[in-house]
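One structure below.
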Amino acid sequence: MTTSAAVRELSGEARYAALSARFRPVFARIAEGALERESNHVLPFEPVAWLKESGFTTLRVPAGHGGDPVSYEHLSRLLIELAAADSNVSHLLRSHFSFVETIALQPTDFRNRWFPRVLAGEIFGNAATERSGNALGTTQTKLRQEDGRWLLKGEKYYTTGSIFADWVVVMASTEGLEGRQYALVPASDPNVTILDDWDGFGQPLTGTGTAIFDDVVVDADDIIQRKVTSTLEPAFFQLVLLTVLVGIGHAALRDASKLVAERSRTFNTGSGSLFRDDPLIQERVGQIAAGIYAAESVVTAAARDLDAAVDPSLGLDAEAAFLRGELGVQKAHVTVPGLVLAAANELFDVTGASSTGRGKGLDRHWRNARTVATHNPAVFKARSVGDYHINGTIPVGLNSIGDAVPGTSATQTTEKSDS
């Protein structure tokens, strides 16, 4: 029996243990160079290649298309482990795994063309958001027909993962056609330019910069009309961000524990004991560990809600399934960022002034967590959850970012996030 077949025979925690054992050596290899890469701004092309070679990027391809799919829960836990090794690498795969979910919702011909590419190791990047100038729910990137060909022209920012990708999923609009479209273009096309110009203070190696599309020819079969549907795509897209946050929390706990265990200096105002033997320091590290345990538990529960939503034995209709997944992830978004940011901050309370040395790079945990947490403001999620519990209002999945139009309100849709 092959290793993959043996894993399929397992269930629950045993299956996750086998999955984790399969990928943990790759994660460990990625972790070895994480600090050096971030300190010297070395984009993680090699780690991405290792993950592709290991089959990690294929984990949600349906069995009917040759895959060996894992549950939302198990993928989330693997992403947490990967983010603990290098949060940049885990984050940059967000668009890839999201588009694999999108492929599964398309017609048979589309699935038959694209799932084999995923199984071959090809990955997808994101080019949806524009820095300014586009009204909420619109895009300035356009598709047009000319001489019988479809051409794509526009500029995007926040193109996470695209610099590492084989294909870029571009959000565009077409004159005379309602709504927006996805256009799939090869990242290697000579009319595609992808820049590493992300200037955020966190997650610096995710390739979250500019992408320029200068009349790129697009195959008509590779244009998808976005539909307003009650799917799990928005919740899954946001769940990946939460896994990145929890992974950062684990990295902060790991570094705090290591520094305390190795520290020999102490203070005359303390107990005089080694830090590792000081009850107050032990208590504080214990509090950090408990906070991260709580954060991971919340994210795991949200992932299980997504699994429940697609469980045929529960027989949920589309709206009930959407509600199950979206509410769980929205509640997690209210809860998790604060827990992880607290851990990344409290790391310095147990290590002393020497921990602020640039060479240690410990500040990256807070910077990275703070950056991830800004992607989808928790205050909007808390309001949405409250409105549901008070008034029964169905939550809205994040589907658009753009300039506000005075006198209008957000469109009540449940499409996948563009951010």
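In the structure tokens, chains take letters A, B, ... by order of appearance, with residues numbered from 1 within each chain and ligands from 1 in the order shown.
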
| Shell around range 112-114 of chain A at 12 Å using only C-alpha atoms, local window under 3 positions removed, as number ranges by chain | A: 58, 61-62, 64-66, 99-109, 117-124, 167, 184, 221-222

Go ahead and save the picked residues with C-alpha atoms, as a JSON list (two decimals), in the first residue's frame.
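The resulting file, selection_17.json, is shown below:
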```
[["chain", "number", "residue", "atom", "x", "y", "z"],
["A", 58, "THR", "CA", -2.62, 19.77, -4.51],
["A", 61, "VAL", "CA", -8.12, 18.70, -5.57],
["A", 62, "PRO", "CA", -11.25, 16.47, -5.53],
["A", 64, "GLY", "CA", -12.98, 12.64, -8.85],
["A", 65, "HIS", "CA", -10.25, 14.63, -10.60],
["A", 66, "GLY", "CA", -7.35, 12.53, -9.36],
["A", 99, "PHE", "CA", -8.66, 29.43, -6.67],
["A", 100, "VAL", "CA", -8.57, 25.65, -6.32],
["A", 101, "GLU", "CA", -11.88, 26.08, -4.46],
["A", 102, "THR", "CA", -13.15, 28.23, -7.34],
["A", 103, "ILE", "CA", -12.21, 25.61, -9.94],
["A", 104, "ALA", "CA", -14.39, 23.08, -8.10],
["A", 105, "LEU", "CA", -17.45, 25.31, -8.64],
["A", 106, "GLN", "CA", -16.98, 25.65, -12.41],
["A", 107, "PRO", "CA", -18.47, 23.53, -15.24],
["A", 108, "THR", "CA", -17.00, 20.11, -16.01],
["A", 109, "ASP", "CA", -14.93, 21.25, -19.00],
["A", 117, "ARG", "CA", -2.55, 21.62, -13.92],
["A", 118, "VAL", "CA", -2.91, 21.87, -10.16],
["A", 119, "LEU", "CA", -1.93, 18.22, -9.81],
["A", 120, "ALA", "CA", 1.12, 18.93, -11.99],
["A", 121, "GLY", "CA", 2.26, 21.49, -9.42],
["A", 122, "GLU", "CA", 1.16, 24.71, -11.09],
["A", 123, "ILE", "CA", 0.05, 27.43, -8.67],
["A", 124, "PHE", "CA", -2.12, 30.54, -8.87],
["A", 167, "TRP", "CA", -0.98, 31.69, -13.42],
["A", 184, "LEU", "CA", -6.57, 33.63, -16.11],
["A", 221, "ASP", "CA", -12.36, 29.69, -22.17],
["A", 222, "ASP", "CA", -10.22, 31.16, -19.37]]
```

| task | Give me the residues within 9 Å of Glu319 in chain A as a list in words, counting only C-alpha atoms and dropping any in the same chain fewer than 4 places off. | result |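 Close residues of Glu319 in chain A: Ser230, Thr231, Leu323, Arg324 and Ile394 of chain A.
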
| request: Would you kindly return, as a PyMOL selection string, each protein, DNA or RNA residue with an atom no farther than 10 Å from any atom of range 303-308 of chain A, considering only C-alpha atoms and excluding same-chain residues fewer than 3 positions away? | output: chain A and resi 71-77+232-233+235-236+239-240+243+297-300+311-316+321-329+332

Could the residues in this selection be written to a file with N, CA and C atoms, as a tab-separated table (two decimals), in the first residue's frame?
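Saved as out-v4.tsv:
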```tsv
chain	number	residue	atom	x	y	z
A	71	SER	N	-9.58	17.63	4.47
A	71	SER	CA	-10.68	18.45	4.98
A	71	SER	C	-10.21	19.90	5.18
A	72	TYR	N	-11.17	20.80	5.33
A	72	TYR	CA	-10.83	22.17	5.66
A	72	TYR	C	-10.05	22.23	6.98
A	73	GLU	N	-10.48	21.42	7.93
A	73	GLU	CA	-9.78	21.42	9.23
A	73	GLU	C	-8.32	21.01	9.07
A	74	HIS	N	-8.08	19.94	8.36
A	74	HIS	CA	-6.71	19.45	8.24
A	74	HIS	C	-5.84	20.39	7.41
A	75	LEU	N	-6.40	20.97	6.35
A	75	LEU	CA	-5.62	21.95	5.60
A	75	LEU	C	-5.29	23.15	6.48
A	76	SER	N	-6.24	23.60	7.27
A	76	SER	CA	-6.01	24.75	8.14
A	76	SER	C	-4.89	24.47	9.13
A	77	ARG	N	-4.90	23.29	9.69
A	77	ARG	CA	-3.86	22.95	10.67
A	77	ARG	C	-2.49	22.82	10.01
A	232	LEU	N	-18.98	28.93	-0.03
A	232	LEU	CA	-18.05	29.02	1.09
A	232	LEU	C	-16.76	29.74	0.72
A	233	GLU	N	-16.65	30.22	-0.51
A	233	GLU	CA	-15.41	30.86	-0.95
A	233	GLU	C	-15.00	32.04	-0.07
A	235	ALA	N	-15.63	32.71	3.08
A	235	ALA	CA	-15.21	32.25	4.39
A	235	ALA	C	-13.86	31.55	4.32
A	236	PHE	N	-13.66	30.71	3.29
A	236	PHE	CA	-12.39	30.01	3.16
A	236	PHE	C	-11.25	30.99	2.92
A	239	LEU	N	-10.45	32.48	6.15
A	239	LEU	CA	-9.94	31.49	7.10
A	239	LEU	C	-8.42	31.32	6.94
A	240	VAL	N	-7.93	31.36	5.71
A	240	VAL	CA	-6.49	31.20	5.50
A	240	VAL	C	-5.71	32.28	6.22
A	243	THR	N	-5.29	31.27	9.77
A	243	THR	CA	-4.27	30.24	9.98
A	243	THR	C	-2.88	30.86	10.00
A	297	SER	N	-7.67	26.94	18.70
A	297	SER	CA	-8.93	26.23	18.91
A	297	SER	C	-10.08	26.92	18.18
A	298	VAL	N	-10.08	28.24	18.21
A	298	VAL	CA	-11.13	29.00	17.52
A	298	VAL	C	-11.04	28.79	16.01
A	299	VAL	N	-9.83	28.86	15.46
A	299	VAL	CA	-9.66	28.68	14.02
A	299	VAL	C	-10.03	27.25	13.61
A	300	THR	N	-9.65	26.29	14.40
A	300	THR	CA	-10.01	24.90	14.10
A	300	THR	C	-11.52	24.71	14.12
A	311	ASP	N	-20.89	18.79	4.44
A	311	ASP	CA	-21.15	17.40	4.82
A	311	ASP	C	-22.52	16.98	4.30
A	312	PRO	N	-22.57	16.08	3.32
A	312	PRO	CA	-23.87	15.71	2.73
A	312	PRO	C	-24.83	15.08	3.74
A	313	SER	N	-24.29	14.46	4.78
A	313	SER	CA	-25.17	13.82	5.76
A	313	SER	C	-25.99	14.83	6.56
A	314	LEU	N	-25.54	16.10	6.58
A	314	LEU	CA	-26.30	17.14	7.29
A	314	LEU	C	-27.40	17.73	6.42
A	315	GLY	N	-27.26	17.61	5.11
A	315	GLY	CA	-28.30	18.06	4.20
A	315	GLY	C	-28.60	19.55	4.25
A	316	LEU	N	-27.59	20.38	4.46
A	316	LEU	CA	-27.82	21.83	4.53
A	316	LEU	C	-28.07	22.39	3.14
A	321	ALA	N	-25.69	26.41	4.57
A	321	ALA	CA	-24.27	26.07	4.50
A	321	ALA	C	-23.42	27.33	4.54
A	322	PHE	N	-23.82	28.33	3.76
A	322	PHE	CA	-23.09	29.60	3.75
A	322	PHE	C	-23.08	30.21	5.15
A	323	LEU	N	-24.22	30.21	5.80
A	323	LEU	CA	-24.34	30.80	7.13
A	323	LEU	C	-23.45	30.06	8.13
A	324	ARG	N	-23.42	28.74	8.05
A	324	ARG	CA	-22.60	27.95	8.97
A	324	ARG	C	-21.12	28.33	8.82
A	325	GLY	N	-20.65	28.40	7.59
A	325	GLY	CA	-19.25	28.71	7.37
A	325	GLY	C	-18.91	30.16	7.64
A	326	GLU	N	-19.71	31.08	7.13
A	326	GLU	CA	-19.40	32.50	7.23
A	326	GLU	C	-19.44	32.99	8.67
A	327	LEU	N	-20.46	32.58	9.42
A	327	LEU	CA	-20.55	33.02	10.82
A	327	LEU	C	-19.36	32.53	11.65
A	328	GLY	N	-18.99	31.27	11.44
A	328	GLY	CA	-17.87	30.74	12.20
A	328	GLY	C	-16.59	31.51	11.94
A	329	VAL	N	-16.32	31.80	10.67
A	329	VAL	CA	-15.09	32.51	10.33
A	329	VAL	C	-15.15	33.97	10.79
A	332	ALA	N	-14.39	34.09	14.39
A	332	ALA	CA	-12.95	33.86	14.58
A	332	ALA	C	-12.16	35.13	14.28
```

| said: Just checking: using only C-alpha atoms, which residue out of A:Leu19, A:Val372, A:Val385, A:Leu280 ends up closest to Asp68 in chain A? | reply: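 Using only C-alpha atoms, the shortest distance to Asp68 in chain A belongs to A:Leu19.
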
| request: Would you mind listing what lies within 9 Å of Arg180 in chain A as a PyMOL selection string, with only C-alpha atoms counted and same-chain residues fewer than 4 positions away left out? | output: chain A and resi 137-139+171-174+224-227

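With distances restricted to only C-alpha atoms, A:Tyr182 is the closest residue to Ala220 in chain A from A:Tyr182, A:Leu347, A:Gly386, A:Val340.
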
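One finds CA of Ser54 in chain A at 22.4 Å from CA of Arg111 in chain A.
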
| message | as number ranges by chain, please: every residue in range 50-299 of chain A that DSSP puts in alpha helix (DSSP H). | response | A: 50-54, 72-85, 87-92, 94-104, 108-119, 233-262, 279-299

| request: Would you mind listing what lies within 8 Å of range 140-144 of chain A as a list in words, with only C-alpha atoms counted and same-chain residues fewer than 2 positions away left out? | output: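 These residues fall inside the cut-off: Glu130, Gly133, Asn134, Thr138, Glu146, Trp150, Leu151, Leu152, Lys153, Gly154, Glu155, Lys156, Met171, Ala172, Ser173, Thr174 and Glu175 of chain A.
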
Write out the residues from the selection above, keeping C-alpha atoms, as a short mmCIF file (atom, residue, chain, number, x, y, z; two decimals), in the first residue's frame.
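The resulting file, selection-v4.cif, is reproduced below:
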```cif
data_model
loop_
_atom_site.label_atom_id
_atom_site.label_comp_id
_atom_site.auth_asym_id
_atom_site.auth_seq_id
_atom_site.Cartn_x
_atom_site.Cartn_y
_atom_site.Cartn_z
CA GLU A 130 -6.46 48.33 -7.22
CA GLY A 133 -9.67 55.16 -8.37
CA ASN A 134 -12.06 52.22 -8.64
CA THR A 138 -15.96 48.01 -9.83
CA GLU A 146 -10.16 43.27 -30.69
CA TRP A 150 -9.77 39.07 -25.83
CA LEU A 151 -7.22 41.54 -24.44
CA LEU A 152 -6.62 42.41 -20.79
CA LYS A 153 -5.28 45.80 -19.72
CA GLY A 154 -4.85 47.30 -16.27
CA GLU A 155 -2.75 47.60 -13.15
CA LYS A 156 -3.24 45.89 -9.80
CA MET A 171 -10.25 40.65 -11.68
CA ALA A 172 -11.56 42.67 -14.62
CA SER A 173 -14.68 44.12 -16.16
CA THR A 174 -15.99 44.25 -19.73
CA GLU A 175 -17.83 47.16 -21.30
#
```

| request: Can you pull out every residue within 10 Å of Asp197 in chain A, counting only C-alpha atoms, but drop anything in the same chain fewer than 5 positions away, and send it as a PyMOL selection string? | output: chain A and resi 157-158+204+207-211

Store the residues picked out above in a file with N, CA and C atoms, as a CSV table (one decimal), in the first residue's frame.
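The result, stored in part-v6.csv:
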```csv
chain,number,residue,atom,x,y,z
A,157,TYR,N,-2.6,46.1,-7.5
A,157,TYR,CA,-1.7,46.1,-6.3
A,157,TYR,C,-2.2,45.0,-5.4
A,158,TYR,N,-1.4,44.7,-4.3
A,158,TYR,CA,-1.8,43.7,-3.4
A,158,TYR,C,-1.9,42.3,-4.1
A,204,PRO,N,6.8,40.9,4.4
A,204,PRO,CA,7.5,41.5,3.3
A,204,PRO,C,7.8,40.6,2.1
A,207,GLY,N,5.2,38.9,-2.0
A,207,GLY,CA,5.0,39.3,-3.3
A,207,GLY,C,3.7,40.2,-3.5
A,208,THR,N,3.4,40.9,-2.4
A,208,THR,CA,2.1,41.6,-2.4
A,208,THR,C,2.4,43.0,-3.0
A,209,GLY,N,2.7,43.0,-4.3
A,209,GLY,CA,3.1,44.3,-4.9
A,209,GLY,C,2.2,44.6,-6.2
A,210,THR,N,2.8,45.2,-7.1
A,210,THR,CA,2.1,45.6,-8.4
A,210,THR,C,2.2,44.6,-9.5
A,211,ALA,N,1.1,44.5,-10.2
A,211,ALA,CA,1.1,43.6,-11.4
A,211,ALA,C,0.5,44.5,-12.5
```

| Expressed in Å to a single decimal, how great is the separation between CA of Ser90 in chain A and CA of Ala261 in chain A? |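 Straight-line distance from CA of Ser90 in chain A to CA of Ala261 in chain A works out to 27.9 Å.
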
| message | For Leu253 in chain A, find every residue with an atom within 9 Å (counting only C-alpha atoms), except residues of its own chain fewer than 5 positions away, and show them as a ChimeraX atom specification. | response | /A:248,258,285,288-289,292,343-344,347

Export, as a PDB file, in the first residue's frame, the selected residues with N, CA and C atoms.
```pdb
ATOM      1  N   ILE A 248       1.909  32.508  13.231  1.00  0.00           N
ATOM      2  CA  ILE A 248       2.785  33.552  13.771  1.00  0.00           C
ATOM      3  C   ILE A 248       2.805  33.477  15.297  1.00  0.00           C
ATOM      4  N   LYS A 258      12.416  29.508  23.846  1.00  0.00           N
ATOM      5  CA  LYS A 258      13.835  29.246  23.604  1.00  0.00           C
ATOM      6  C   LYS A 258      14.708  30.296  24.284  1.00  0.00           C
ATOM      7  N   VAL A 285       5.009  33.017  30.227  1.00  0.00           N
ATOM      8  CA  VAL A 285       5.115  32.151  29.055  1.00  0.00           C
ATOM      9  C   VAL A 285       3.896  31.231  28.978  1.00  0.00           C
ATOM     10  N   ILE A 288       1.124  33.158  27.420  1.00  0.00           N
ATOM     11  CA  ILE A 288       1.291  33.238  25.960  1.00  0.00           C
ATOM     12  C   ILE A 288       0.828  31.939  25.314  1.00  0.00           C
ATOM     13  N   ALA A 289       1.259  30.814  25.876  1.00  0.00           N
ATOM     14  CA  ALA A 289       0.891  29.504  25.328  1.00  0.00           C
ATOM     15  C   ALA A 289      -0.618  29.297  25.361  1.00  0.00           C
ATOM     16  N   ILE A 292      -2.368  31.316  22.572  1.00  0.00           N
ATOM     17  CA  ILE A 292      -2.225  30.723  21.241  1.00  0.00           C
ATOM     18  C   ILE A 292      -3.060  29.443  21.135  1.00  0.00           C
ATOM     19  N   ALA A 343       0.327  37.914  22.124  1.00  0.00           N
ATOM     20  CA  ALA A 343       1.457  36.998  22.266  1.00  0.00           C
ATOM     21  C   ALA A 343       2.725  37.582  21.656  1.00  0.00           C
ATOM     22  N   ALA A 344       2.592  38.187  20.472  1.00  0.00           N
ATOM     23  CA  ALA A 344       3.756  38.767  19.811  1.00  0.00           C
ATOM     24  C   ALA A 344       4.326  39.938  20.596  1.00  0.00           C
ATOM     25  N   LEU A 347       5.950  38.540  24.130  1.00  0.00           N
ATOM     26  CA  LEU A 347       7.244  37.896  23.915  1.00  0.00           C
ATOM     27  C   LEU A 347       8.369  38.724  24.521  1.00  0.00           C
TER      28      LEU A 347
END
```

| query | Can you list every residue in range 36-137 of chain A that DSSP puts in strand (DSSP E or B), as a PyMOL selection string? | reply | chain A and resi 124-127+135

| task | Would you please work out which residue, of A:Val70, A:Ala28, A:Val379, A:Ala369, is nearest to Phe201 in chain A when using only C-alpha atoms? | result |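 The answer is A:Ala369, which sits nearest to Phe201 in chain A.
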
| request: Please measure the separation of CA of Tyr293 in chain A and CA of Gly247 in chain A, giving the value in Å to one decimal. | output: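 Taking CA of Tyr293 in chain A as the start and CA of Gly247 in chain A as the end point, the length is 11.0 Å.
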